[in-house]
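> The file below is coords_23.txt, compact mmCIF, N, CA and C atoms:
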# COMPACT_ATOMS: atom_id res chain seq x y z
N MET A 732 -8.13 1.67 14.15
CA MET A 732 -8.44 2.70 13.19
C MET A 732 -9.76 2.36 12.52
N ALA A 733 -10.60 3.30 12.48
CA ALA A 733 -11.90 3.05 11.87
C ALA A 733 -12.16 4.08 10.79
N ASP A 734 -12.80 3.65 9.74
CA ASP A 734 -13.19 4.60 8.71
C ASP A 734 -14.54 5.19 9.07
N GLY A 735 -15.12 5.98 8.18
CA GLY A 735 -16.37 6.65 8.46
C GLY A 735 -17.50 5.71 8.83
N GLY A 736 -17.49 4.47 8.33
CA GLY A 736 -18.54 3.51 8.61
C GLY A 736 -18.33 2.73 9.89
N GLY A 737 -17.26 3.02 10.61
CA GLY A 737 -17.01 2.32 11.85
C GLY A 737 -16.36 0.96 11.67
N GLY A 738 -15.94 0.61 10.46
CA GLY A 738 -15.31 -0.68 10.20
C GLY A 738 -13.81 -0.64 10.39
N TRP A 739 -13.21 -1.80 10.24
CA TRP A 739 -11.77 -1.93 10.39
C TRP A 739 -11.08 -1.47 9.13
N ARG A 740 -9.86 -0.96 9.26
CA ARG A 740 -9.04 -0.61 8.11
C ARG A 740 -7.58 -0.89 8.42
N PRO A 741 -6.72 -1.03 7.40
CA PRO A 741 -5.30 -1.31 7.64
C PRO A 741 -4.65 -0.21 8.48
N PRO A 742 -3.63 -0.57 9.26
CA PRO A 742 -2.99 0.42 10.13
C PRO A 742 -2.19 1.48 9.39
N ARG A 743 -1.80 1.23 8.14
CA ARG A 743 -1.02 2.19 7.35
C ARG A 743 -1.57 2.27 5.94
N PRO A 744 -1.22 3.34 5.23
CA PRO A 744 -1.60 3.38 3.81
C PRO A 744 -0.83 2.33 3.01
N CYS A 745 -1.39 1.91 1.91
CA CYS A 745 -0.75 0.86 1.10
C CYS A 745 0.61 1.29 0.57
N GLU A 746 0.80 2.58 0.35
CA GLU A 746 2.09 3.07 -0.12
C GLU A 746 3.20 2.76 0.87
N ALA A 747 2.90 2.76 2.15
CA ALA A 747 3.92 2.44 3.16
C ALA A 747 4.37 0.99 3.02
N TYR A 748 3.45 0.09 2.75
CA TYR A 748 3.80 -1.32 2.55
C TYR A 748 4.61 -1.50 1.27
N ARG A 749 4.23 -0.76 0.22
CA ARG A 749 4.96 -0.85 -1.04
C ARG A 749 6.39 -0.34 -0.85
N ALA A 750 6.55 0.77 -0.15
CA ALA A 750 7.88 1.33 0.08
C ALA A 750 8.75 0.37 0.91
N GLU A 751 8.17 -0.24 1.94
CA GLU A 751 8.92 -1.19 2.76
C GLU A 751 9.31 -2.42 1.95
N TRP A 752 8.42 -2.89 1.10
CA TRP A 752 8.71 -4.05 0.28
C TRP A 752 9.85 -3.75 -0.70
N GLU A 753 9.79 -2.57 -1.34
CA GLU A 753 10.85 -2.20 -2.28
C GLU A 753 12.18 -2.01 -1.56
N LEU A 754 12.16 -1.42 -0.38
CA LEU A 754 13.39 -1.25 0.39
C LEU A 754 13.97 -2.62 0.75
N CYS A 755 13.12 -3.51 1.16
CA CYS A 755 13.56 -4.85 1.55
C CYS A 755 14.21 -5.59 0.38
N ARG A 756 13.73 -5.34 -0.81
CA ARG A 756 14.25 -6.01 -2.01
C ARG A 756 15.47 -5.32 -2.60
N SER A 757 15.84 -4.14 -2.11
CA SER A 757 16.95 -3.38 -2.69
C SER A 757 18.28 -4.08 -2.44
N ALA A 758 19.23 -3.83 -3.33
CA ALA A 758 20.55 -4.45 -3.23
C ALA A 758 21.27 -3.99 -1.97
N ARG A 759 21.13 -2.72 -1.63
CA ARG A 759 21.80 -2.20 -0.45
C ARG A 759 21.30 -2.91 0.82
N HIS A 760 20.00 -3.04 0.93
CA HIS A 760 19.43 -3.71 2.10
C HIS A 760 19.83 -5.19 2.13
N LEU A 761 19.82 -5.83 0.97
CA LEU A 761 20.21 -7.24 0.90
C LEU A 761 21.63 -7.43 1.41
N LEU A 762 22.56 -6.59 0.94
CA LEU A 762 23.96 -6.72 1.38
C LEU A 762 24.10 -6.43 2.87
N HIS A 763 23.43 -5.38 3.34
CA HIS A 763 23.52 -5.04 4.75
C HIS A 763 22.95 -6.16 5.62
N HIS A 764 21.78 -6.64 5.27
CA HIS A 764 21.13 -7.69 6.06
C HIS A 764 21.97 -8.97 6.04
N TYR A 765 22.52 -9.31 4.89
CA TYR A 765 23.34 -10.51 4.80
C TYR A 765 24.61 -10.37 5.64
N TYR A 766 25.22 -9.18 5.60
CA TYR A 766 26.44 -8.93 6.38
C TYR A 766 26.16 -9.03 7.88
N VAL A 767 25.06 -8.44 8.32
CA VAL A 767 24.74 -8.39 9.75
C VAL A 767 24.21 -9.73 10.26
N HIS A 768 23.27 -10.33 9.52
CA HIS A 768 22.57 -11.51 10.00
C HIS A 768 23.01 -12.82 9.36
N GLY A 769 23.77 -12.76 8.27
CA GLY A 769 24.24 -13.98 7.63
C GLY A 769 23.19 -14.70 6.81
N GLU A 770 22.10 -14.03 6.49
CA GLU A 770 21.03 -14.63 5.68
C GLU A 770 20.32 -13.53 4.90
N ARG A 771 19.63 -13.96 3.86
CA ARG A 771 18.87 -12.99 3.06
C ARG A 771 17.68 -12.48 3.85
N PRO A 772 17.29 -11.22 3.62
CA PRO A 772 16.11 -10.70 4.33
C PRO A 772 14.84 -11.38 3.86
N ALA A 773 13.90 -11.55 4.76
CA ALA A 773 12.60 -12.14 4.43
C ALA A 773 11.64 -11.01 4.06
N CYS A 774 11.42 -10.84 2.77
CA CYS A 774 10.58 -9.75 2.28
C CYS A 774 9.15 -10.21 1.98
N GLU A 775 8.90 -11.48 2.11
CA GLU A 775 7.60 -12.03 1.74
C GLU A 775 6.45 -11.43 2.55
N GLN A 776 6.70 -11.15 3.83
CA GLN A 776 5.63 -10.59 4.67
C GLN A 776 5.21 -9.21 4.15
N TRP A 777 6.17 -8.40 3.70
CA TRP A 777 5.81 -7.09 3.16
C TRP A 777 4.98 -7.23 1.90
N ARG A 778 5.31 -8.22 1.05
CA ARG A 778 4.53 -8.44 -0.17
C ARG A 778 3.11 -8.86 0.17
N ARG A 779 2.97 -9.76 1.16
CA ARG A 779 1.63 -10.20 1.57
C ARG A 779 0.84 -9.04 2.16
N ASP A 780 1.50 -8.21 2.97
CA ASP A 780 0.81 -7.06 3.56
C ASP A 780 0.35 -6.10 2.47
N LEU A 781 1.19 -5.88 1.47
CA LEU A 781 0.81 -4.98 0.36
C LEU A 781 -0.37 -5.56 -0.41
N ALA A 782 -0.34 -6.84 -0.72
CA ALA A 782 -1.44 -7.47 -1.44
C ALA A 782 -2.73 -7.41 -0.62
N SER A 783 -2.63 -7.64 0.68
CA SER A 783 -3.81 -7.58 1.54
C SER A 783 -4.37 -6.17 1.62
N CYS A 784 -3.49 -5.20 1.70
CA CYS A 784 -3.93 -3.80 1.76
C CYS A 784 -4.65 -3.40 0.47
N ARG A 785 -4.07 -3.79 -0.66
CA ARG A 785 -4.72 -3.46 -1.94
C ARG A 785 -6.06 -4.18 -2.09
N ALA A 786 -6.13 -5.40 -1.60
CA ALA A 786 -7.40 -6.13 -1.64
C ALA A 786 -8.44 -5.42 -0.77
N TRP A 787 -8.00 -4.94 0.39
CA TRP A 787 -8.92 -4.21 1.26
C TRP A 787 -9.38 -2.92 0.60
N GLU A 788 -8.47 -2.21 -0.07
CA GLU A 788 -8.85 -0.97 -0.74
C GLU A 788 -9.90 -1.23 -1.83
N GLN A 789 -9.78 -2.35 -2.52
CA GLN A 789 -10.73 -2.65 -3.58
C GLN A 789 -12.10 -3.00 -3.01
N ARG A 790 -12.14 -3.72 -1.88
CA ARG A 790 -13.41 -4.16 -1.32
C ARG A 790 -13.97 -3.18 -0.29
N ARG A 791 -13.09 -2.69 0.60
CA ARG A 791 -13.50 -1.80 1.70
C ARG A 791 -14.73 -2.31 2.43
N SER A 792 -14.68 -3.56 2.75
CA SER A 792 -15.83 -4.15 3.42
C SER A 792 -15.38 -5.08 4.52
N ASN A 793 -16.33 -5.60 5.25
CA ASN A 793 -16.02 -6.52 6.34
C ASN A 793 -15.49 -7.86 5.84
N GLU A 794 -15.72 -8.20 4.58
CA GLU A 794 -15.21 -9.47 4.06
C GLU A 794 -13.68 -9.42 3.98
N ALA A 795 -13.09 -8.24 3.94
CA ALA A 795 -11.63 -8.12 3.93
C ALA A 795 -11.07 -8.07 5.34
N GLN A 796 -11.89 -8.05 6.35
CA GLN A 796 -11.45 -7.94 7.73
C GLN A 796 -10.53 -9.08 8.18
N PRO A 797 -10.72 -10.33 7.72
CA PRO A 797 -9.77 -11.37 8.12
C PRO A 797 -8.33 -11.05 7.73
N LEU A 798 -8.12 -10.12 6.82
CA LEU A 798 -6.78 -9.72 6.45
C LEU A 798 -6.09 -8.98 7.59
N LYS A 799 -6.86 -8.61 8.60
CA LYS A 799 -6.32 -7.90 9.75
C LYS A 799 -5.17 -8.67 10.38
N ASN A 800 -5.24 -9.98 10.39
CA ASN A 800 -4.19 -10.78 10.99
C ASN A 800 -2.87 -10.64 10.23
N ALA A 801 -2.94 -10.48 8.93
CA ALA A 801 -1.72 -10.29 8.15
C ALA A 801 -1.04 -8.99 8.53
N PHE A 802 -1.83 -7.94 8.78
CA PHE A 802 -1.25 -6.66 9.13
C PHE A 802 -0.66 -6.66 10.52
N SER A 803 -1.23 -7.42 11.42
CA SER A 803 -0.71 -7.44 12.78
C SER A 803 0.70 -8.04 12.80
N ASN A 804 1.02 -8.90 11.85
CA ASN A 804 2.36 -9.48 11.78
C ASN A 804 3.39 -8.45 11.34
N SER A 805 2.98 -7.44 10.58
CA SER A 805 3.94 -6.48 10.08
C SER A 805 4.49 -5.59 11.18
N LYS A 806 3.77 -5.42 12.29
CA LYS A 806 4.28 -4.61 13.39
C LYS A 806 5.59 -5.18 13.90
N GLY A 807 5.68 -6.48 14.02
CA GLY A 807 6.89 -7.11 14.53
C GLY A 807 8.06 -6.97 13.58
N THR A 808 7.81 -6.92 12.27
CA THR A 808 8.91 -6.82 11.33
C THR A 808 9.52 -5.44 11.33
N ILE A 809 8.74 -4.43 11.66
CA ILE A 809 9.28 -3.08 11.69
C ILE A 809 10.12 -2.87 12.94
N LYS A 810 9.61 -3.27 14.07
CA LYS A 810 10.33 -3.06 15.32
C LYS A 810 11.54 -3.97 15.45
N GLY A 811 11.54 -5.07 14.75
CA GLY A 811 12.65 -5.99 14.81
C GLY A 811 12.52 -6.96 15.97
N LYS A 812 13.43 -7.86 16.03
CA LYS A 812 13.41 -8.86 17.09
C LYS A 812 14.29 -8.37 18.23
N ARG A 813 13.87 -8.65 19.42
CA ARG A 813 14.71 -8.36 20.58
C ARG A 813 15.36 -9.67 21.00
N THR A 814 16.65 -9.61 21.17
CA THR A 814 17.37 -10.80 21.60
C THR A 814 18.06 -10.49 22.91
N GLN A 815 18.17 -11.48 23.75
CA GLN A 815 18.82 -11.33 25.04
C GLN A 815 20.23 -11.90 24.94
N THR A 816 21.22 -11.10 25.33
CA THR A 816 22.59 -11.58 25.42
C THR A 816 23.09 -11.20 26.80
N GLY A 817 23.08 -12.15 27.69
CA GLY A 817 23.46 -11.86 29.07
C GLY A 817 22.43 -10.94 29.69
N ALA A 818 22.88 -9.82 30.24
CA ALA A 818 21.98 -8.86 30.86
C ALA A 818 21.56 -7.78 29.89
N LYS A 819 22.19 -7.75 28.72
CA LYS A 819 21.90 -6.70 27.75
C LYS A 819 20.81 -7.18 26.78
N SER A 820 20.01 -6.23 26.31
CA SER A 820 19.09 -6.57 25.23
C SER A 820 19.40 -5.66 24.07
N THR A 821 19.43 -6.24 22.88
CA THR A 821 19.73 -5.48 21.68
C THR A 821 18.56 -5.58 20.74
N GLN A 822 18.43 -4.59 19.90
CA GLN A 822 17.34 -4.61 18.93
C GLN A 822 17.94 -4.84 17.57
N ALA A 823 17.45 -5.89 16.88
CA ALA A 823 17.94 -6.22 15.55
C ALA A 823 17.29 -5.31 14.53
N TYR A 824 17.98 -5.06 13.45
CA TYR A 824 17.49 -4.18 12.37
C TYR A 824 16.41 -4.82 11.63
Please, can you express the file's structure as structure tokens?

Amino acid sequence: MADGGGGWRPPRPCEAYRAEWELCRSARHLLHHYYVHGERPACEQWRRDLASCRAWEQRRSNEAQPLKNAFSNSKGTIKGKRTQTGAKSTQAY
């Protein structure tokens, strides 16, 4: 994704990261994730992505481009992990 100047920009608007972070921190999600996976959800990546997105919005320059790596990690958290069980593959929430 490129803005008018041809530079890099985050793959989503910052509001999407904020919404995902708040959902991850909600009591309903915490209970569901704990019931299914037996552990608390890891919401730290969403917080880092939100902070990086807001930093990029403030600078909108190439100096914020190294933050691109933080955003690439968020793709995996949305799609979930794929695990192999025998011949079947399941997608985790």
> Work out how far CA of Ala747 (chain A) is from CA of Pro772 (chain A), in Å to one decimal.
18.0 Å
> Quote the spacing between CA of His763 (chain A) and CA of Ala782 (chain A) in Å to one decimal place.
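Distance reported for this atom pair: 25.8 Å.
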> Provide the atom C of Arg771 (chain A) to CA of Ala758 (chain A) distance in Å, to one decimal place.
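Result for atom C of Arg771 (chain A) versus CA of Ala758 (chain A): 11.1 Å, one decimal.
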> Could you work out an axis-aligned box for region 754-761 of chain A, taking every atom the file lists and adding 8 Å on each side, and report centre and edge lengths in Å to one decimal, as AutoDock Vina command-line options?

--center_x 17.0 --center_y -4.3 --center_z -0.6 --size_x 25.6 --size_y 22.2 --size_z 21.5
> Residues at most 12 Å from Arg785 (chain A), counting only C-alpha atoms, excluding those fewer than 5 positions away in the same chain, as an mmCIF file with N, CA and C atoms, in the frame of the given file?

data_model
loop_
_atom_site.group_PDB
_atom_site.id
_atom_site.type_symbol
_atom_site.label_atom_id
_atom_site.label_comp_id
_atom_site.auth_asym_id
_atom_site.auth_seq_id
_atom_site.Cartn_x
_atom_site.Cartn_y
_atom_site.Cartn_z
ATOM 1 N N ARG A 740 -9.860 -0.960 9.260
ATOM 2 C CA ARG A 740 -9.040 -0.610 8.110
ATOM 3 C C ARG A 740 -7.580 -0.890 8.420
ATOM 4 N N PRO A 741 -6.720 -1.030 7.400
ATOM 5 C CA PRO A 741 -5.300 -1.310 7.640
ATOM 6 C C PRO A 741 -4.650 -0.210 8.480
ATOM 7 N N ARG A 743 -1.800 1.230 8.140
ATOM 8 C CA ARG A 743 -1.020 2.190 7.350
ATOM 9 C C ARG A 743 -1.570 2.270 5.940
ATOM 10 N N PRO A 744 -1.220 3.340 5.230
ATOM 11 C CA PRO A 744 -1.600 3.380 3.810
ATOM 12 C C PRO A 744 -0.830 2.330 3.010
ATOM 13 N N CYS A 745 -1.390 1.910 1.910
ATOM 14 C CA CYS A 745 -0.750 0.860 1.100
ATOM 15 C C CYS A 745 0.610 1.290 0.570
ATOM 16 N N GLU A 746 0.800 2.580 0.350
ATOM 17 C CA GLU A 746 2.090 3.070 -0.120
ATOM 18 C C GLU A 746 3.200 2.760 0.870
ATOM 19 N N ALA A 747 2.900 2.760 2.150
ATOM 20 C CA ALA A 747 3.920 2.440 3.160
ATOM 21 C C ALA A 747 4.370 0.990 3.020
ATOM 22 N N TYR A 748 3.450 0.090 2.750
ATOM 23 C CA TYR A 748 3.800 -1.320 2.550
ATOM 24 C C TYR A 748 4.610 -1.500 1.270
ATOM 25 N N ARG A 749 4.230 -0.760 0.220
ATOM 26 C CA ARG A 749 4.960 -0.850 -1.040
ATOM 27 C C ARG A 749 6.390 -0.340 -0.850
ATOM 28 N N ARG A 778 5.310 -8.220 1.050
ATOM 29 C CA ARG A 778 4.530 -8.440 -0.170
ATOM 30 C C ARG A 778 3.110 -8.860 0.170
ATOM 31 N N ARG A 779 2.970 -9.760 1.160
ATOM 32 C CA ARG A 779 1.630 -10.200 1.570
ATOM 33 C C ARG A 779 0.840 -9.040 2.160
ATOM 34 N N ASP A 780 1.500 -8.210 2.970
ATOM 35 C CA ASP A 780 0.810 -7.060 3.560
ATOM 36 C C ASP A 780 0.350 -6.100 2.470
ATOM 37 N N ARG A 790 -12.140 -3.720 -1.880
ATOM 38 C CA ARG A 790 -13.410 -4.160 -1.320
ATOM 39 C C ARG A 790 -13.970 -3.180 -0.290
ATOM 40 N N ARG A 791 -13.090 -2.690 0.600
ATOM 41 C CA ARG A 791 -13.500 -1.800 1.700
ATOM 42 C C ARG A 791 -14.730 -2.310 2.430
ATOM 43 N N ALA A 795 -13.090 -8.240 3.940
ATOM 44 C CA ALA A 795 -11.630 -8.120 3.930
ATOM 45 C C ALA A 795 -11.070 -8.070 5.340
ATOM 46 N N LEU A 798 -8.120 -10.120 6.820
ATOM 47 C CA LEU A 798 -6.780 -9.720 6.450
ATOM 48 C C LEU A 798 -6.090 -8.980 7.590
#
> Between A:Cys784, A:Cys774, A:Gly769, A:Pro742, which is the closest to Ser757 (chain A) once you count only C-alpha atoms?
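Comparing A:Cys784, A:Cys774, A:Gly769, A:Pro742 against Ser757 (chain A), the winner is A:Cys774.
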